[in-house]
Each structure stands twice: as structure tokens, then as C-alpha cells.
Amino acid sequence: MVFFKRRLWVFFAFSIGIGVACPVLAQTTKTVWTLQECIDYALQHNLQIKQYQLDAEGARINLNQSRTNLLPGIDASSNYGFQFGRNVDPVTDVIVDQQIRTSNLSVNAFVPLFNGFQLRNSIKQQRFNIKAARLDIENIKNDVTLNIVSAFVQVILSEELLQNARLQLQSTQTQADRTQKLYRAGSVAESNVLEINAQLATDELAIIDAQNQKDLAELSLIQLLDLKQIKDFELVKPVVPDPDQDQIILDDENIFEFAQANLPEIKSADLRVQSALKAIDVSRGAYLPQLSLGVGLGTRYSFLVDFPLDTDPLFEQYKNNLGRGITFNLSIPIFSQFQTRNNVARSVINHKLAVLNTEVARNQVRRDIQQSYADALAAQKRFEATKRQLAAFAQAFKNAEIRFNNGLINPTDYNVAKNNFVKAQSDLVQAKYQYTFKLKVLDFYQGKPLAL
């Protein structure tokens with residue numbers, strides 16, 4: 001499976017399992033989105049992904065260039081000129097005092113025979129680079145996916161909290177109506193009406209806050225999708241079951257071994273170490289002699305303006321003056337102002353940095369796995385505790401409601417019981433998603449499907 005980049009996993013990974021697929025429609029007309037649809041749309045349109053794809057294309061071009069550097073280099077040249085006064089005829093080598101028109105044609109080929117294995121090591125280096133660049137695309141895709149998942153889950157959570165706030169407002173409104181009737185009948189004091197109306201205003205404010213949070217979460221997701229003209233944005237809410245009560249039994253060391261063998265950022269870091277090693281070999285190749293083979297073919301033509309009849313025709317001169325040559329060029333480095341030595345030193349430093357980067361990546365993954373395991377256990381306990389707390393507050397609120405309806409407690413005590421119950425409901429929703437998230441992070445590092 002495709003793994004997610006380390007720096008963003010902390011919130012998002014679990015939510016991948018709660019989406020369902022749906023066809024993507026045009027951004028100007030579609031209003032209902034699933035998680036998977038949001039992910040697919042973002043992966044198709046995200047500009048950062050396109051940037052990394054261009055980087056990979058550049059790496060491919062660099063590899064092709066390294067390969068073609070082994071081929072001969074061929075060039076052709078031509079010139080046409082005029083000479084005046086006393087000159088040597090370039091064809092006959094006779095000194096003449098007249099105008100001469102000349103033309104030269106040449107074709108040369110250059111073949112590298114030995115260059116300290118720099119070309120071949122460069123090819124190997126570029127092969128590592130292109131593999132790493134392709135893994136970088138997977139990394140950025142994971143980043144985009146996780147950002148989309150984060151915003152999607154925030155919208156779902158805000159919708160649940162908004163729904164709870166509306167239900168609580170309905171409950172308070174019912175009590176407010178009932179209290180108003182009792183007050184008119186002279187059964188309760190006016191202070192009861194005032195206190196319940198204050199609670200009603202508090203619940204209305206809670207709805208406004210919850211709606212604002214939902215709107216902001218939706219705006220964040222819309223911006224991540226880069227949607228310009230969409231109205232009535234709505235998400236398909238997935239079904240997330242309550243957490244399992246079974247004890248989590250996992251081996252974090254085994255999870256780490258699996259993760260470091262599959263995470264794209266670690267694979268990419270390892271490939272860049274290999275690339276850095278080849279870069280050292282390329283730099284050291286400059287210490288060795290360079291040997292090349294050159295092959296040339298040339299001809300020339302001259303035309304005596306004052307004596308055109310004594311001049312051979314153009315193509316006949318080209319044919320008669322045709323020359324061929326083969327040269328071997330040997331270059332032995334003696335002193336280059338320490339450029340080669342410094343290039344090698346820089347390559348060695350880059351290799352050491354690449355090795356350190358792999359260690360940093362592995363250490364981060366190990367810490368993340370260990371932290372996720374501890375967090376999953378804590379989240380499981382928190383959910384169970386919150387669940388028991390909610391049951392207790394629900395019973396307390398039920399009793400308070402009965403007593404309040406019978407005039408046995410004042411509105412303040414009733415509101416305290418109600419607010420405790422409302423907070424426990426909110427805490428349970430958040431604990432549920434937190435636990436599910438922590439468990440899914442561990443599933444992610446084990447390479448398991450993230451569907452619920």
C-alpha cells in the first residue's frame with residue numbers, strides 16, 4: 001500500500017478508513033462529497049503534486065542525458081570568406097595578389113574512451129535520483145491526502161457537535177415553554193423563568209459557535225480542494241462504530257520493522273544515500289587521466305576572381321581537397337587549484353548528511369509508532385471512562401429533569417445537571433474519534449487497510 005508521510009500522520013491517518021467512493025463531478029455543480037471523492041479530486045488537481053511530477057520528469061531527463069553522454073559527439077561547420085591583396089591561396093599554397101573567395105567544410109566526431117568512470121558512475125547516480133524522485137511524488141500525495149482527511153474529519157466532527165447543540169436547544173426550549181406556563185399559572189417564581197431563559201440564550205450561543213466551527217471547517221476543506229465556485233457544500237457522513245473494548249496487543253518493534261521497509265520517505269532517503277556514494281565516485285574520477293578519440297573530415301575551395309577560368313569547379317575542388325584525420329587526446333590532471341580535492345570533500349560531506357537524514361527519518365518513525373501505541377491505549381481508557389461518565393450524567397440529568405418538573409429543585413441545579421450531560425456527550429464524541437484515530441495510526445504503520 002501507499003504509506004503516508006511522517007510529519008502529517010498525527011491527526012489524519014485513521015480517517016482514511018471512513019470514506020466511501022463516489023464519482024467526481026464538476027466543481028461548479030457538485031455539492032455532495034465523500035471522503036474518497038475529495039481525496040481523488042485533490043490528487044488529480046493539486047499543484048504541489050504536479051510540481052513534484054515535474055521534478056521527477058527532470059530527473060528522468062538527467063538520466064537520459066547521462067546515458068547519451070556515452071555516445072559520440074558530432075558537429076559540422078562551414079565558412080565562406082573573401083581575401084584581398086597579397087595572400088596565399090589556401091588550396092594551391094601559391095602567393096597571389098588578387099581577390100580570393102574561399103570556403104571550408106568540416107565534420108568532426110568526438111568519442112570519450114576513458115574519463116575515470118565518471119560517465120558510468122553518473123548514470124548510476126541518476127538512476128538512484130529518479131527512483132527517489134518518484135518516491136517523493138508518493139510522499140506529497142500522502143501529504144495532500146492527509147490534509148484532505150484532516151479537514152474532512154473536522155467537518156464531520158463539527159456537524160455532530162452542531163447537531164448535539166440543536167438537540168439541547170430543543171430540550172431547553174421545551175423546559176422554557178413549560179416554565180412560562182407554570183409562571184403564568186402562579187406555580188413558579190419569575191426567577192425560574194429568567195434562569196431558564198438565560199440557559200436558552202446560552203444554548204442558542206452554543207449553536208452559533210458550533211455553526212461557525214462547521215463553516216470554518218468546510219471552508220478549509222474547500223480551499224484545500226481549490227474549489228472556486230461551489231454552493232451548498234455537503235459531505236457524506238460515514239458510519240464510525242464505537243471503539244472495541246478488547247485490549248490492544250501489538251509489538252511496536254515489529255511495526256517499526258515493517259514501516260521502515262515500506263514508508264516512501266525512508267526508501268527515498270536510502271536511495272539518496274546511494275546517489276551520494278556515486279557522486280563521490282564521480283568526483284574522484286577527475287583525478288584520473290581522460291582519453292578520447294577524435295575523427296575529422298574536411299575539405300576546402302578557393303576561387304580566384306581575376307582568373308575564373310583557371311579555377312577548378314566547386315565540387316571538383318571539394319573532392320580533390322578532401323582530408324581525413326584521426327586523433328587520440330590524452331589529458332592528465334596535474335594541478336587544478338585543489339578543485340578536484342574540494343569536490344570530493346564536498347561529496348563526502350553530502351554523503352554523511354544523507355546518512356544522517358536516513359537516521360533522522362527512522363528515529364522519527366520509531367518515536368511516532370511508540371507514541372501512537374501509548375496514545376491508543378490511553379485513548380481507549382479515556383473513551384471507556386467518558387462512556388461511564390456520560391451514563392452517570394445522563395441519569396443525573398434525567399432525575400434533575402423530573403425533580404425540576406415537580407418543582408423540587410431550582411433552575412440553577414437543573415442547568416448544572418443539563419450542562420454536565422451536554423459536556424459529557426461532546427466529550428464522548430471526541431473520545432470516540434480520538435481512539436479510532438490512534439488505532440488506525442497503528443494499522444497504517446502495519447500496512448493494514450484503513451477501512452472500518
# chains A, B, ... in the order shown; residues from 1 in each chain; ligands from 1
>>> closest_atom_pairs(of="segment 359-427 of chain A", to="segment 175-195 of chain A", cutoff="8 Å", atoms="only C-alpha atoms", output="JSON lines")
{"residue": "A:Gly407", "atom": "CA", "partner": "A:Val188", "partner_atom": "CA", "distance": 7.7}
{"residue": "A:Asn410", "atom": "CA", "partner": "A:Asn192", "partner_atom": "CA", "distance": 7.0}
{"residue": "A:Pro411", "atom": "CA", "partner": "A:Asn192", "partner_atom": "CA", "distance": 5.8}
{"residue": "A:Thr412", "atom": "CA", "partner": "A:Glu195", "partner_atom": "CA", "distance": 7.0}
>>> residues_around(residues="Ala394 of chain A", least_positions_apart="4", cutoff="9 Å", atoms="only C-alpha atoms", output="list in words")
Gln389, Leu390, Lys398, Asn399, Ala417, Lys418, Asn420, Phe421, Val422 and Ala424 of chain A
>>> residues_around(residues="His45 of chain A", least_positions_apart="5", cutoff="9 Å", atoms="only C-alpha atoms", output="ChimeraX atom specification")
/A:40,50,225-226
>>> closest_residue(among="A:Ala76, A:Val239, A:Leu330, A:Ala392", to="Leu105 of chain A", atoms="only C-alpha atoms")
A:Ala76
>>> select_by_dssp(residues="segment 99-223 of chain A", states="strand (DSSP E)", output="JSON, numbers by chain")
{"A": [100, 101, 102, 103, 104, 105, 106, 107, 108, 109, 110, 111, 112, 113, 114]}
>>> write_last_selection(atoms="N, CA and C atoms", output="compact mmCIF listing (two decimals), in the first residue's frame")
# COMPACT_ATOMS: atom_id res chain seq x y z
N ILE A 100 40.40 36.64 -53.52
CA ILE A 100 40.16 35.20 -53.43
C ILE A 100 38.90 34.95 -52.61
N ARG A 101 38.07 34.11 -53.13
CA ARG A 101 36.90 33.65 -52.37
C ARG A 101 37.18 32.22 -51.90
N THR A 102 36.96 31.99 -50.62
CA THR A 102 37.28 30.68 -50.05
C THR A 102 36.08 30.10 -49.30
N SER A 103 36.10 28.79 -49.21
CA SER A 103 35.05 28.08 -48.46
C SER A 103 35.65 26.84 -47.84
N ASN A 104 35.27 26.55 -46.60
CA ASN A 104 35.76 25.37 -45.89
C ASN A 104 34.56 24.60 -45.33
N LEU A 105 34.61 23.30 -45.43
CA LEU A 105 33.61 22.40 -44.87
C LEU A 105 34.31 21.36 -44.00
N SER A 106 33.71 21.04 -42.82
CA SER A 106 34.33 20.01 -41.97
C SER A 106 33.26 19.32 -41.13
N VAL A 107 33.52 18.06 -40.84
CA VAL A 107 32.68 17.27 -39.94
C VAL A 107 33.62 16.57 -38.97
N ASN A 108 33.31 16.70 -37.65
CA ASN A 108 34.18 16.12 -36.63
C ASN A 108 33.34 15.31 -35.64
N ALA A 109 33.93 14.23 -35.18
CA ALA A 109 33.28 13.37 -34.19
C ALA A 109 34.22 13.20 -33.00
N PHE A 110 33.62 13.19 -31.81
CA PHE A 110 34.40 13.06 -30.57
C PHE A 110 33.80 11.92 -29.76
N VAL A 111 34.66 10.97 -29.39
CA VAL A 111 34.20 9.80 -28.65
C VAL A 111 35.01 9.68 -27.36
N PRO A 112 34.36 9.76 -26.19
CA PRO A 112 35.11 9.55 -24.94
C PRO A 112 35.45 8.07 -24.76
N LEU A 113 36.71 7.79 -24.55
CA LEU A 113 37.15 6.41 -24.34
C LEU A 113 37.31 6.08 -22.86
N PHE A 114 37.86 7.01 -22.11
CA PHE A 114 38.03 6.79 -20.68
C PHE A 114 38.05 8.15 -19.98
>>> residues_around(residues="segment 258-260 of chain A", least_positions_apart="6", cutoff="10 Å", atoms="only C-alpha atoms", output="list in words")
Phe3, Asp252, Ile266, Lys267, Ala361, Arg362, Asn363, Val365, Arg366, Ile369, Phe444, Tyr445, Gln446 and Gly447 of chain A
>>> residues_around(residues="Gln170 of chain A", least_positions_apart="6", cutoff="12 Å", atoms="only C-alpha atoms", output="number ranges by chain")
A: 163-164, 176-177, 199-201, 203-204, 207
>>> write_last_selection(atoms="C-alpha atoms", output="PDB file, in the first residue's frame")
ATOM      1  CA  GLN A 163     -26.456  18.504  15.959  1.00  0.00           C
ATOM      2  CA  ASN A 164     -25.980  17.939  19.688  1.00  0.00           C
ATOM      3  CA  ALA A 176     -38.697  27.213  28.867  1.00  0.00           C
ATOM      4  CA  ASP A 177     -42.193  26.876  27.436  1.00  0.00           C
ATOM      5  CA  GLN A 199     -29.962  28.911  29.662  1.00  0.00           C
ATOM      6  CA  LEU A 200     -31.925  29.158  26.423  1.00  0.00           C
ATOM      7  CA  ALA A 201     -29.747  32.078  25.318  1.00  0.00           C
ATOM      8  CA  ASP A 203     -27.796  27.164  24.120  1.00  0.00           C
ATOM      9  CA  GLU A 204     -28.503  29.498  21.209  1.00  0.00           C
ATOM     10  CA  ILE A 207     -25.385  26.691  18.253  1.00  0.00           C
TER      11      ILE A 207
END
>>> residues_around(residues="Leu63 of chain A", least_positions_apart="3", cutoff="9 Å", atoms="only C-alpha atoms", output="count of residues only")
14
>>> closest_residue(among="A:Glu401, A:Glu384, A:Glu37, A:Glu159", to="Pro243 of chain A", atoms="only C-alpha atoms")
A:Glu384
>>> select_by_dssp(residues="segment 192-343 of chain A", states="helix (DSSP H, G or I)", output="PyMOL selection string")
chain A and resi 192-225+252-262+264-287+308-310+314-320+339-343
>>> write_last_selection(atoms="C-alpha atoms", output="mmCIF file, in the first residue's frame")
data_model
loop_
_atom_site.group_PDB
_atom_site.id
_atom_site.type_symbol
_atom_site.label_atom_id
_atom_site.label_comp_id
_atom_site.auth_asym_id
_atom_site.auth_seq_id
_atom_site.Cartn_x
_atom_site.Cartn_y
_atom_site.Cartn_z
ATOM 1 C CA ASN A 192 -37.327 30.403 37.319
ATOM 2 C CA VAL A 193 -38.388 31.899 34.012
ATOM 3 C CA LEU A 194 -35.393 34.217 33.945
ATOM 4 C CA GLU A 195 -32.906 31.452 34.668
ATOM 5 C CA ILE A 196 -34.326 29.061 32.086
ATOM 6 C CA ASN A 197 -34.380 31.871 29.513
ATOM 7 C CA ALA A 198 -30.724 32.565 30.317
ATOM 8 C CA GLN A 199 -29.962 28.911 29.662
ATOM 9 C CA LEU A 200 -31.925 29.158 26.423
ATOM 10 C CA ALA A 201 -29.747 32.078 25.318
ATOM 11 C CA THR A 202 -26.646 30.089 26.267
ATOM 12 C CA ASP A 203 -27.796 27.164 24.120
ATOM 13 C CA GLU A 204 -28.503 29.498 21.209
ATOM 14 C CA LEU A 205 -24.998 30.891 21.520
ATOM 15 C CA ALA A 206 -23.607 27.340 21.557
ATOM 16 C CA ILE A 207 -25.385 26.691 18.253
ATOM 17 C CA ILE A 208 -23.883 29.829 16.736
ATOM 18 C CA ASP A 209 -20.397 28.775 17.865
ATOM 19 C CA ALA A 210 -20.893 25.250 16.552
ATOM 20 C CA GLN A 211 -22.171 26.562 13.220
ATOM 21 C CA ASN A 212 -19.165 28.860 12.918
ATOM 22 C CA GLN A 213 -16.819 25.964 13.578
ATOM 23 C CA LYS A 214 -18.581 23.910 10.931
ATOM 24 C CA ASP A 215 -18.434 26.751 8.414
ATOM 25 C CA LEU A 216 -14.721 27.258 9.040
ATOM 26 C CA ALA A 217 -14.042 23.531 8.701
ATOM 27 C CA GLU A 218 -15.935 23.420 5.406
ATOM 28 C CA LEU A 219 -14.087 26.486 4.163
ATOM 29 C CA SER A 220 -10.762 24.842 4.984
ATOM 30 C CA LEU A 221 -11.698 21.731 3.023
ATOM 31 C CA ILE A 222 -12.999 23.741 0.073
ATOM 32 C CA GLN A 223 -9.740 25.698 -0.040
ATOM 33 C CA LEU A 224 -7.692 22.507 0.066
ATOM 34 C CA LEU A 225 -9.712 21.190 -2.859
ATOM 35 C CA ASP A 252 5.784 -1.855 18.332
ATOM 36 C CA GLU A 253 9.201 -3.168 17.251
ATOM 37 C CA ASN A 254 7.640 -5.408 14.603
ATOM 38 C CA ILE A 255 5.515 -2.499 13.449
ATOM 39 C CA PHE A 256 8.642 -0.372 13.103
ATOM 40 C CA GLU A 257 10.458 -3.024 11.072
ATOM 41 C CA PHE A 258 7.542 -3.224 8.672
ATOM 42 C CA ALA A 259 7.178 0.550 8.459
ATOM 43 C CA GLN A 260 10.823 1.300 7.723
ATOM 44 C CA ALA A 261 10.743 -1.219 4.885
ATOM 45 C CA ASN A 262 7.689 0.384 3.276
ATOM 46 C CA PRO A 264 8.346 6.108 0.937
ATOM 47 C CA GLU A 265 10.270 8.780 2.828
ATOM 48 C CA ILE A 266 12.654 6.170 4.245
ATOM 49 C CA LYS A 267 13.052 4.474 0.875
ATOM 50 C CA SER A 268 13.765 7.834 -0.726
ATOM 51 C CA ALA A 269 16.319 8.708 1.958
ATOM 52 C CA ASP A 270 18.101 5.376 1.435
ATOM 53 C CA LEU A 271 18.227 5.950 -2.318
ATOM 54 C CA ARG A 272 19.745 9.380 -1.811
ATOM 55 C CA VAL A 273 22.495 7.781 0.267
ATOM 56 C CA GLN A 274 23.308 5.538 -2.691
ATOM 57 C CA SER A 275 23.207 8.546 -5.000
ATOM 58 C CA ALA A 276 25.603 10.421 -2.717
ATOM 59 C CA LEU A 277 28.025 7.476 -2.832
ATOM 60 C CA LYS A 278 28.045 7.562 -6.605
ATOM 61 C CA ALA A 279 28.586 11.319 -6.502
ATOM 62 C CA ILE A 280 31.825 10.634 -4.588
ATOM 63 C CA ASP A 281 32.939 8.235 -7.321
ATOM 64 C CA VAL A 282 32.137 10.845 -9.967
ATOM 65 C CA SER A 283 34.209 13.465 -8.149
ATOM 66 C CA ARG A 284 37.149 11.101 -7.658
ATOM 67 C CA GLY A 285 37.142 10.270 -11.359
ATOM 68 C CA ALA A 286 38.581 13.716 -12.034
ATOM 69 C CA TYR A 287 41.887 12.500 -10.539
ATOM 70 C CA PRO A 308 37.988 32.344 -63.061
ATOM 71 C CA LEU A 309 38.901 30.101 -65.972
ATOM 72 C CA ASP A 310 41.975 28.814 -64.151
ATOM 73 C CA LEU A 314 33.370 23.956 -56.802
ATOM 74 C CA PHE A 315 32.552 20.310 -56.294
ATOM 75 C CA GLU A 316 35.719 19.152 -58.021
ATOM 76 C CA GLN A 317 37.806 21.187 -55.573
ATOM 77 C CA TYR A 318 35.763 19.814 -52.666
ATOM 78 C CA LYS A 319 36.531 16.318 -53.898
ATOM 79 C CA ASN A 320 40.222 16.897 -54.602
ATOM 80 C CA GLN A 339 39.213 21.844 -7.200
ATOM 81 C CA THR A 340 39.043 18.073 -7.522
ATOM 82 C CA ARG A 341 40.041 17.519 -3.909
ATOM 83 C CA ASN A 342 37.449 20.008 -2.695
ATOM 84 C CA ASN A 343 34.764 18.498 -4.914
#
>>> residues_around(residues="segment 428-434 of chain A", least_positions_apart="6", cutoff="8 Å", atoms="only C-alpha atoms", output="ChimeraX atom specification")
/A:157,160,242-243,379,382-383,386-387,390
>>> write_last_selection(atoms="C-alpha atoms", output="PDB file, in the first residue's frame")
ATOM      1  CA  LEU A 157     -16.982  16.326  13.993  1.00  0.00           C
ATOM      2  CA  GLU A 160     -22.027  16.150  15.193  1.00  0.00           C
ATOM      3  CA  ASP A 242     -17.826   2.704  18.826  1.00  0.00           C
ATOM      4  CA  PRO A 243     -14.335   1.579  19.831  1.00  0.00           C
ATOM      5  CA  ALA A 379      -7.485   6.848  24.206  1.00  0.00           C
ATOM      6  CA  ARG A 382     -10.446   7.634  28.035  1.00  0.00           C
ATOM      7  CA  PHE A 383     -13.346   6.512  25.862  1.00  0.00           C
ATOM      8  CA  THR A 386     -16.091   9.054  29.232  1.00  0.00           C
ATOM      9  CA  LYS A 387     -18.753   6.496  28.367  1.00  0.00           C
ATOM     10  CA  LEU A 390     -21.945  10.068  30.232  1.00  0.00           C
TER      11      LEU A 390
END
>>> atom_distance(atom1="atom CA of Asn115 of chain A", atom2="atom CA of Asp55 of chain A")
28.5 Å
>>> atom_distance(atom1="atom CA of Val348 of chain A", atom2="atom CA of Ile334 of chain A")
22.0 Å
>>> atom_distance(atom1="atom CA of Gly298 of chain A", atom2="atom CA of Arg86 of chain A")
25.3 Å
>>> closest_residue(among="A:Tyr414, A:Phe328, A:Phe152, A:Tyr435", to="Ala378 of chain A", atoms="only C-alpha atoms")
A:Tyr435
